[in-house]
Every structure is written in C-alpha cells, then in structure tokens.
Amino acid sequence: MGRLASQVRGIGMGNCSDRETLGADVLVIGGGIAGTWAATAAARTGARVILAEKGWCGTSGVAATAGPGHWWVPPDPALRAQAVARRHDAGLGLSDPGWMERVLDTTWRTLPTLSDHYAFPNDDAGVVQYRALRGPEYMKAMRTITQQAGVTILDHTPALGLLRHADGSIAGARLWRRRARRPLTIRAGAVVLAAGGCAFRSHLLGSANLTGDGLLMAAEAGASLSGMEFSAYYTVAPAHTSMTRSMSYVFATYSDASGREFATRPGQDGTRDLAAALLQGPVFCHLGRMPADIRDQLPRISPNVTLVFDRLGIDPYRDRFEVTLHGEGTVRGTGGVNVIDASCQTEVPGLFAAGDTATRELVAGAISGGGAQNSAWALSSGLWSGAGAAAFGRGRTHLATRPAELLGHVWLPNGKGLTRSAREVMAAVGREMHDYDRNLFRTAAKLHRSLDTLDGLWGDVRSGLHEAAEDPLRAREAAALVASGRWAWAAALARRESRGLHQREDLPWTDPAQASRRLVGGLDRVWARPQAVVGVAEAVA
Amino acid sequence: MIEMILSDRCTRCGLCAAVCPTNVFDLAADGTPSIARKDDCQTCFMCELYCKADALFVAPQCDHAVAVSADEARATAGQFRRESGWDEWAGDPRYANEHWRMDRVFARAREAG
C-alpha cells in the first residue's frame with residue numbers, strides 16, 4: 001500500500017490517511033436501479049460485493065424520486081421484432097437491434113421477480129401491472145433485495161477516484177465517508193460504475209447527486225465516452241420547482257405573458273417551441289384539457305405532482321401558472337461510457353459501466369430513450385455488468401496487497417493567486433449547459449464560445465478550488481461537471497450535421513455518411529473521433 | 001427546499017438524516033435533527049415520505065427559501081406519505097397505487113389529439 005499512501009498525500013488530503021480499508025470481489029459505485037441490480041447479480045454468483053452510494057441507497061437518483069416505466073414487450077417474436085424495428089428506426093442509425101432484444105428479454109423476465117418486495121397493482125380488469133413502478137417503492141424494494149443478496153451497502157459514501165494496478169486493470173477505488181468526513185479505500189477485483197449520468201446541476205427532480213462522477217472516473221482510467229452530443233433533453237416543470245413529472249403536460253395549454261396561447265409540436269420539437277417562447281419571456285400553462293376522471297386519479301398516479309400544486313396554492317386546471325424547462329444533461333440524453341462487450345465492460349479491464357453512466361445509444365440511438373428505455377437499460381445493464389464484474393473480480397483477491405495507483409485527482413490551491421469555489425464553478429457549468437439558445441439551437445460559434453468558457457473552468461479546477469481540502473467531494477463534483485460539459489460540446493462540434501437530439505442551426509440536415517458514433521475522452525486535452533456502430537453480436541464475437 | 005422540522009412531532013428517530021440523499025440534516029447527540037445544509041436540499045420530498053411522524057415540511061420552491069408558518073406546515077405535512085399509501089395508510093383504497101394508469105393517460109391524450 002506504500003504507493004497508494006504516497007498518492008494520497010499527493011492529492012493533498014492533509015493528514016488524513018486511509019486507515020479504513022475494505023476488500024471485495026466487486027465494488028459497485030452507485031445505488032440506483034443499475035447499481036442495485038448489478039450488486040445483486042454479482043452477489044448471487046457468490047462474490048463478495050460492496051455497494052457504495054453517494055446519498056442513501058433507496059432515495060438517491062432520478063428513479064427513486066419519479067416513476068420509472070420500463071420498455072415492456074411480451075415475448076411474442078412478432079411483437080418483439082416490431083418493437084425493436086420501430087425503435088431502431090427512431091434511433092436514426094445509431095442503435096443496435098441485438099442490444100434492444102437483450103434488454104426487452106431481460107426486463108420482461110426480471111421485473112416480476114420483485115413481487116415479494118413490491119406490491120404490483122392490478123388494473124381495472126384485474127391484470128397485474130409490472131411495467132411502471134413508483135420510484136420510492138421500487139428503490140426501497142431494491143435496497144432490501146440487495147441486502148438480502150448479501151451485499152454490504154455503504155450509504156453517504158461517494159467515490160473520489162479509481163485505483164489501478166500496474167497491468168492497467170482496475171484495483172478498487174478511493175471513497176469519502178461524507179458524514180464522518182474521512183476517506184476510505186476499497187480494494188476490489190472489479191468495479192461497476194453505476195453512478196448515474198450528469199444533469200449539470202439543473203433542478204431536474206432527484207438529480208443533485210448526478211454530477212457525472214462515473215464519466216470522470218472512467219475517463220481518468222482511459223475509457224472513452226459515446227453519445228455525449230445528445231445531451232439536449234429538457235423537461236417542463238412549474239417555475240421555481242423541481243417537479244419534472246411530465247405526464248400531466250400532455251394536456252397543457254401554453255400562453256405567453258400577454259395571455260396569448262400558442263401551440264407546441266409533439267415530442268422534442270415541442271421542447272424547442274417552448275424554449276423559443278421562454279427565450280422571449282415568461283411562459284404560463286394550464287391543464288384545463290385534462291379529463292375529469294384523470295384529474296381525480298392524479299393523486300393516486302403521482303402523489304408528488306399534486307402535492308406541489310397544493311402547496312403552491314395552484315389549481316392547475318383553472319389557474320395559469322408559470323412553467324420552466326429543466327435540462328436533463330445526459331440523464332435523458334443518451335451519452336455515457338462506451339462499453340465493448342455484452343457484460344458492459346469498458347475499454348479498461350475490470351471496469352464495467354451500467355445504467356445512465358453507460359452510453360444508451362446502444363438502445364436509444366440519437367434520440368432520448370425516455371424513462372422507459374432508460375429504466376429497462378438500467379436494470380438490464382446492471383444485471384449484465386454485475387455478473388461480468390463478478391466473473392472478472394473473483395479470484396483476484398491476491399492482488400489486493402499489490403501497489404495501486406490512484407487515478408482520481410483532487411487538486412488543491414497552491415496558495416498563490418485567486419482561486420474559485422467549487423459551488424461557483426458548478427453553477428457556471430450549469431449556466432453553460434442549460435442555456436436554451438446554445439443547447440437547442442446549436443451552431444459551431446456558440447459551441448466554441450462555450451467550450452472556451454468550460455476550458456477556463458477546467459483551468460480553475462486544475463488550480464485547486466477553495467473547498468478542495470476540506471470537502472474533496474465538492475471539488476470532484478465540480479471537476480466531473482466541467483469535464484462532462486467539455487465532452488458534450490466536443491462531441492457536438494464533431495457531429496457536423498443534425499441528428500435526433502443534436503440539432504445544429506448551421507448544419508440543419510442529417511448526413512447519411514455521419515451515421516456513426518462520436519467517441520470523446522481526455523482530460524487536459526479533450527479529443528473526439530468517429531467510430532462505426534458496432535452491434536452486440538460483433539461485440540460478443 | 002426543506003423549511004421546517006415540527007419539533008413537537010419529531011420522535012428523534014434519525015431516519016431523515018439517514019435517508020436524505022443530499023446529506024442536508026445533522027443529528028444532535030440526543031438524535032434531534034437540524035437543517036444543517038439547506039442549500040444542498042434538492043426538493044425531492046424523500047425525507048417527508050420516510051418520516052412516520054409527519055414532522056417535516058419541504059416547500060416546493062427549489063431555488064429560493066420561503067417563509068412558512070408552523071400552521072401552514074402542519075396543514076400538508078404527511079400528505080405525500082398518506083397519498084403514497086405508506087405505513088398505516090397501506091391498503092387504504094383511497095390511496096391505492098395507480099401509477100400504472102400513466103400509459104393509458106398518454107394514450108387518452110393522443111386520442112384527444
């Protein structure tokens with residue numbers, strides 16, 4: 001551990017040394033849908049598994065606070081083929097039918113196994129409804145299932161960086177017990193990154209912990225990312241609230257400050273219409289077109305939606321209330337860590353990626369997977385990566401005493417010159433990434449200008465942020481946010497066309513010759529290059 | 001953001017501090033919670049859902065603090081837990097989980113054009 005100790009000093013952790021060191025066959029970083037399924041799958045093979053979650057496994061992340069539906073198609077070959085074909089067409093050439101078929105099959109077989117821990121309701125005809133789950137109850141059930149599988153759960157324990165063996169394989173991670181405010185080292189035979197996507201600190205419900213930590217850790221280990229240019233999904237919410245549950249807005253009537261009503265097109269075009277209106281001034285909404293029976297059902301469908309209206313004193317069916325759009329970053333975008341085999345291993349041996357940390361282009365292509373495809377992907381990729389990590393990590397315990405290099409840096413101020421605070425940097429990244437004009441109406445000039453700003457922020461991160469010594473988590477979050485933003489814009493500049501969520505005003509056509517992925521990576525020097533779409537069949541072969 | 005802990009209702013169980021995904025609360029030695037890092041609150045209402053004593057009030061405003069009186073807090077504290085059918089409300093048909101209707105709501109909207 002000598003080298004590790006010196007690295008620890010190298011990142012300026014002051015006098016703290018990692019007196020606490022744990023060992024496992026598999027370390028899962030993140031405790032949402034993907035992380036809990038990954039840990040459970042790994043533990044069920046007999047592996048020793050630790051799941052470390054930044055917040056609390058059960059309430060943390062976007063699934064716990066919302067209502068994840070799942071892509072759900074019965075195992076009828078014709079129905080499955082039709083669903084896959086329709087979705088593959090919608091993905092505009094960047095998805096892969098093989099991955100989609102696997103996701104549908106895994107999801108269909110897995111959700112009913114929750115029955116002991118989740119009370120699946122019957123519909124009016126008495127048929128059990130598996131497809132859509134309430135988030136808090138789903139993740140509460142997953143916490144129990146994970147614990148019963150024998151997984152050790154560490155809550156309030158974010159990862160600060162991965163550890164790497166001399167041969168390039170992953171050796172574990174350095175983490176931070178944020179309530180006790182001390183570091184912790186976990187040596188593991190394999191690591192699953194299931195830390196969610198990057199919401200760039202918007203007010204998307206449940207997204208505060210989703211700062212791109214998994215993307216940063218993967219890139220520090222040398223992995224590439226894919227699909228980052230598709231970070232342009234927005235969700236409507238009452239102004240000044242986080243309530244991005246959007247179902248009710250299928251009945252929305254929008255108007256401007258003068259009361260003039262305006263129409264919005266379906267789908268992402270409608271988001272652009274709303275954004276264009278918001279760029280002109282405040283936008284208001286009422287839900288008067290919602291049928292009376294659905295109004296009555298709404299508290300039983302989404303009790304948090306009606307809670308917010310009640311507390312604001314708004315009757316949404318009669319009153320005009322102000323709305324906003326919250327950016328989702330990569331969460332309902334599609335970008336994430338590139339995976340190279342059927343068990344969701346990354347280009348780095350022993351490092352696996354699942355859920356929103358992984359690219360969702362495999363199943364969603366150039367458009368958003370929405371809640372349904374993303375949830376099905378989170379569950380499925382969780383199970384695959386957990387099993388894959390267990391197979392890789394077991395039998396590597398003898399390596400736990402070998403020296404390992406810490407890859408995650410926490411840069412400290414050197415005492416000279418002005419430094420910025422992590423919070424300031426985080427807010428600045430959010431402004432860059434969520435700006436409607438820049439993100440939804442892209443041009444090379446706007447993207448270059450913003451990339452320059454983000455490059456400057458990366459310089460601030462590298463110079464050391466105020467809080468870095470006492471709050472390394474905030475410094476790491478700031479670094480991950482800036483890095484994720486730079487990858488998103490680098491990918492957007494590298495895709496010289498419009499496709500799906502990526503809409504360039506200066507290149508408004510789709511170019512058949514660019515039906516390939518855009519890989520990005522790098523830290524001080526960000527790079528981007530195209531890569532042909534590789535399906536799961538080729539990945540396995 | 002979290003605006004109030006109703007101390008007369010709080011049982012000092014400590015669950016709010018445990019389950020808060022953004023580590024907003026601190027616990028005193030006797031288990032009394034305090035709002036220690038209000039700016040970190042993400043307005044997700046999870047603490048309210050888990051608080052069996054209905055002692056917490058999260059205002060819907062996520063980007064600025066608002067003044068809330070204890071009476072206002074009392075009026076709706078516990079509503080989310082009740083309407084979610086948790087704990088003593090489990091099995092009450094008034095608070096059944098009808099989340100599955102969501103698909104059909106979208107279908108109705110498409111039909112209505």
# chains A, B, ... in the order shown; residues from 1 in each chain; ligands from 1
call {"tool": "closest_atom_pairs", "arguments": {"of": "chain B", "to": "chain A", "cutoff": "10 Å", "atoms": "only C-alpha atoms", "output": "Markdown table"}}
result
| residue | atom | partner | partner_atom | distance |
| --- | --- | --- | --- | --- |
| B:Met1 | CA | A:Thr241 | CA | 9.2 |
| B:Ala17 | CA | A:Trp56 | CA | 9.7 |
| B:Ala18 | CA | A:Trp56 | CA | 7.0 |
| B:Val19 | CA | A:Trp56 | CA | 5.4 |
| B:Cys20 | CA | A:Trp56 | CA | 6.6 |
| B:Pro21 | CA | A:Gly55 | CA | 4.0 |
| B:Thr22 | CA | A:Gly55 | CA | 5.8 |
| B:Asn23 | CA | A:Gly55 | CA | 7.0 |
| B:Phe25 | CA | A:Arg179 | CA | 10.0 |
| B:Asp26 | CA | A:Arg179 | CA | 8.8 |
| B:Asp40 | CA | A:Ala208 | CA | 8.2 |
| B:Cys41 | CA | A:Ala208 | CA | 8.4 |
| B:Gln42 | CA | A:Ala208 | CA | 6.1 |
| B:Thr43 | CA | A:Ser242 | CA | 6.5 |
| B:Cys44 | CA | A:Gly206 | CA | 5.7 |
| B:Phe45 | CA | A:Asn304 | CA | 8.0 |
| B:Met46 | CA | A:Thr59 | CA | 6.4 |
| B:Cys47 | CA | A:Thr59 | CA | 8.8 |
| B:Leu49 | CA | A:Pro136 | CA | 8.6 |
| B:Tyr50 | CA | A:Thr59 | CA | 9.6 |
| B:Val58 | CA | A:Arg311 | CA | 9.5 |
| B:Ala59 | CA | A:Arg311 | CA | 7.3 |
| B:Pro60 | CA | A:Thr241 | CA | 5.6 |
| B:Gln61 | CA | A:Thr241 | CA | 4.9 |
| B:Cys62 | CA | A:Thr241 | CA | 5.1 |
| B:Asp63 | CA | A:His240 | CA | 5.9 |
| B:His64 | CA | A:His240 | CA | 7.9 |
| B:Glu72 | CA | A:Arg311 | CA | 9.0 |
| B:Ala73 | CA | A:Arg311 | CA | 9.4 |
| B:Ala75 | CA | A:Arg311 | CA | 9.5 |
| B:Thr76 | CA | A:Arg311 | CA | 7.6 |
| B:Ala77 | CA | A:Leu307 | CA | 10.0 |
| B:Gln79 | CA | A:Leu307 | CA | 7.2 |
| B:Phe80 | CA | A:Pro303 | CA | 6.2 |
| B:Arg81 | CA | A:Pro303 | CA | 8.8 |
| B:Arg82 | CA | A:Pro303 | CA | 9.1 |
| B:Glu83 | CA | A:Pro303 | CA | 5.9 |
| B:Ser84 | CA | A:Pro303 | CA | 6.3 |
| B:Gly85 | CA | A:Arg300 | CA | 9.0 |
| B:Trp86 | CA | A:Glu137 | CA | 9.3 |
| B:Pro93 | CA | A:Arg300 | CA | 9.7 |
| B:Arg94 | CA | A:Arg300 | CA | 8.0 |
| B:Tyr95 | CA | A:Arg300 | CA | 6.0 |
| B:Ala96 | CA | A:Arg300 | CA | 6.1 |
| B:Asn97 | CA | A:Arg300 | CA | 5.7 |
| B:Glu98 | CA | A:Ile301 | CA | 4.8 |
| B:His99 | CA | A:Ile301 | CA | 4.1 |
| B:Trp100 | CA | A:Ala132 | CA | 5.7 |
| B:Arg101 | CA | A:Ile301 | CA | 6.8 |
| B:Met102 | CA | A:Ile301 | CA | 7.0 |
| B:Asp103 | CA | A:Ala132 | CA | 8.5 |
| B:Arg104 | CA | A:Ile294 | CA | 9.9 |
| B:Val105 | CA | A:Ile294 | CA | 7.4 |
| B:Phe106 | CA | A:Val250 | CA | 7.1 |
| B:Ala107 | CA | A:Val250 | CA | 9.9 |
| B:Arg108 | CA | A:Pro291 | CA | 9.1 |
| B:Ala109 | CA | A:Val250 | CA | 6.1 |
| B:Arg110 | CA | A:Val250 | CA | 8.4 |
| B:Ala112 | CA | A:Phe251 | CA | 9.2 |
| B:Gly113 | CA | A:Phe251 | CA | 9.6 |
call {"tool": "residues_around", "arguments": {"residues": "B:Arg74", "least_positions_apart": "6", "cutoff": "9 Å", "atoms": "only C-alpha atoms", "output": "PyMOL selection string"}}
result
chain B and resi 6+54-57
call {"tool": "write_last_selection", "arguments": {"atoms": "N, CA, C and O atoms", "output": "mmCIF file, in the first residue's frame"}}
result
data_model
loop_
_atom_site.group_PDB
_atom_site.id
_atom_site.type_symbol
_atom_site.label_atom_id
_atom_site.label_comp_id
_atom_site.auth_asym_id
_atom_site.auth_seq_id
_atom_site.Cartn_x
_atom_site.Cartn_y
_atom_site.Cartn_z
ATOM 1 N N LEU B 6 -40.997 20.057 12.487
ATOM 2 C CA LEU B 6 -42.000 20.304 13.538
ATOM 3 C C LEU B 6 -41.548 19.547 14.784
ATOM 4 O O LEU B 6 -41.769 18.340 14.913
ATOM 5 N N ASP B 54 -44.612 12.598 10.412
ATOM 6 C CA ASP B 54 -45.073 13.757 9.623
ATOM 7 C C ASP B 54 -44.537 15.068 10.209
ATOM 8 O O ASP B 54 -45.262 16.058 10.349
ATOM 9 N N ALA B 55 -43.263 15.059 10.535
ATOM 10 C CA ALA B 55 -42.658 16.207 11.228
ATOM 11 C C ALA B 55 -41.843 17.102 10.306
ATOM 12 O O ALA B 55 -41.201 18.033 10.777
ATOM 13 N N LEU B 56 -41.852 16.811 9.004
ATOM 14 C CA LEU B 56 -41.011 17.585 8.090
ATOM 15 C C LEU B 56 -41.865 18.287 7.050
ATOM 16 O O LEU B 56 -42.909 17.771 6.636
ATOM 17 N N PHE B 57 -41.414 19.462 6.635
ATOM 18 C CA PHE B 57 -42.115 20.202 5.584
ATOM 19 C C PHE B 57 -41.106 20.708 4.571
ATOM 20 O O PHE B 57 -40.199 21.466 4.896
#
call {"tool": "select_by_dssp", "arguments": {"residues": "stretch 271-498 of chain A", "states": "strand (DSSP E)", "output": "PyMOL selection string"}}
result
chain A and resi 283-286+321-327+336-337+351-353+405-406
call {"tool": "atom_distance", "arguments": {"atom1": "atom CA of A:Arg486", "atom2": "atom CA of A:Arg474"}}
result
18.4 Å
call {"tool": "residues_around", "arguments": {"residues": "A:Ala83", "least_positions_apart": "5", "cutoff": "10 Å", "atoms": "only C-alpha atoms", "output": "list in words"}}
result
Trp71, Trp72, Val73, Pro77, Ala78, His88, Pro97, Met100, Glu101 and Leu104 of chain A
call {"tool": "residues_around", "arguments": {"residues": "A:Ala90", "least_positions_apart": "3", "cutoff": "10 Å", "atoms": "only C-alpha atoms", "output": "PyMOL selection string"}}
result
chain A and resi 84-87+93-95+364-368+500
call {"tool": "write_last_selection", "arguments": {"atoms": "C-alpha atoms", "output": "short mmCIF file (atom, residue, chain, number, x, y, z; two decimals), in the first residue's frame"}}
result
data_model
loop_
_atom_site.label_atom_id
_atom_site.label_comp_id
_atom_site.auth_asym_id
_atom_site.auth_seq_id
_atom_site.Cartn_x
_atom_site.Cartn_y
_atom_site.Cartn_z
CA VAL A 84 -37.28 -3.32 -31.95
CA ALA A 85 -37.69 -2.30 -35.60
CA ARG A 86 -39.78 0.74 -34.68
CA ARG A 87 -37.33 1.86 -32.04
CA GLY A 93 -29.00 4.62 -37.30
CA LEU A 94 -27.05 4.68 -34.04
CA SER A 95 -28.81 1.94 -32.07
CA ALA A 364 -31.87 4.60 -27.96
CA GLY A 365 -29.60 5.80 -30.75
CA ALA A 366 -29.68 9.52 -31.43
CA ILE A 367 -32.91 10.25 -29.55
CA SER A 368 -33.81 10.03 -25.89
CA GLY A 500 -32.07 13.37 -33.17
#
call {"tool": "select_by_dssp", "arguments": {"residues": "stretch 45-196 of chain A", "states": "alpha helix (DSSP H)", "output": "MDAnalysis selection string"}}
result
chainID A and resid 77:90 97:110 135:148
call {"tool": "residues_around", "arguments": {"residues": "A:Ser246", "least_positions_apart": "5", "cutoff": "8 Å", "atoms": "only C-alpha atoms", "output": "PyMOL selection string"}}
result
chain A and resi 235-237
call {"tool": "residues_around", "arguments": {"residues": "A:Ala171", "least_positions_apart": "5", "cutoff": "7 Å", "atoms": "only C-alpha atoms", "output": "JSON list (two decimals) with N, CA and C atoms, in the first residue's frame"}}
result
[["chain", "number", "residue", "atom", "x", "y", "z"],
["A", 163, "LEU", "N", -8.71, 3.15, -8.46],
["A", 163, "LEU", "CA", -7.33, 2.67, -8.26],
["A", 163, "LEU", "C", -7.01, 1.71, -9.40],
["A", 164, "ARG", "N", -5.75, 1.75, -9.85],
["A", 164, "ARG", "CA", -5.36, 0.92, -11.00],
["A", 164, "ARG", "C", -4.09, 0.14, -10.68],
["A", 165, "HIS", "N", -4.10, -1.12, -11.09],
["A", 165, "HIS", "CA", -2.90, -1.96, -10.99],
["A", 165, "HIS", "C", -1.88, -1.56, -12.05],
["A", 187, "ARG", "N", -10.34, -2.05, -1.93],
["A", 187, "ARG", "CA", -9.64, -2.83, -2.95],
["A", 187, "ARG", "C", -10.62, -3.86, -3.48],
["A", 188, "ALA", "N", -10.78, -3.90, -4.79],
["A", 188, "ALA", "CA", -11.77, -4.81, -5.37],
["A", 188, "ALA", "C", -11.22, -5.43, -6.65],
["A", 189, "GLY", "N", -11.68, -6.62, -6.95],
["A", 189, "GLY", "CA", -11.25, -7.32, -8.16],
["A", 189, "GLY", "C", -11.83, -6.73, -9.42],
["A", 190, "ALA", "N", -12.97, -6.06, -9.29],
["A", 190, "ALA", "CA", -13.60, -5.39, -10.43],
["A", 190, "ALA", "C", -14.50, -4.29, -9.88],
["A", 404, "ALA", "N", -1.17, 0.10, -5.89],
["A", 404, "ALA", "CA", -2.16, 0.56, -6.87],
["A", 404, "ALA", "C", -2.07, 2.07, -6.97]]
call {"tool": "atom_distance", "arguments": {"atom1": "atom CA of A:Gly172", "atom2": "atom CA of A:Ala221"}}
result
11.7 Å
call {"tool": "closest_residue", "arguments": {"among": "A:Leu465, A:Leu383, A:Leu440, A:Leu210", "to": "A:Val410", "atoms": "only C-alpha atoms"}}
result
A:Leu465
call {"tool": "closest_residue", "arguments": {"among": "A:Ser421, A:Leu407, A:Ala342, A:Arg360", "to": "A:Ala372", "atoms": "only C-alpha atoms"}}
result
A:Arg360
call {"tool": "atom_distance", "arguments": {"atom1": "atom CA of A:Thr357", "atom2": "atom CA of A:Ser169"}}
result
19.2 Å
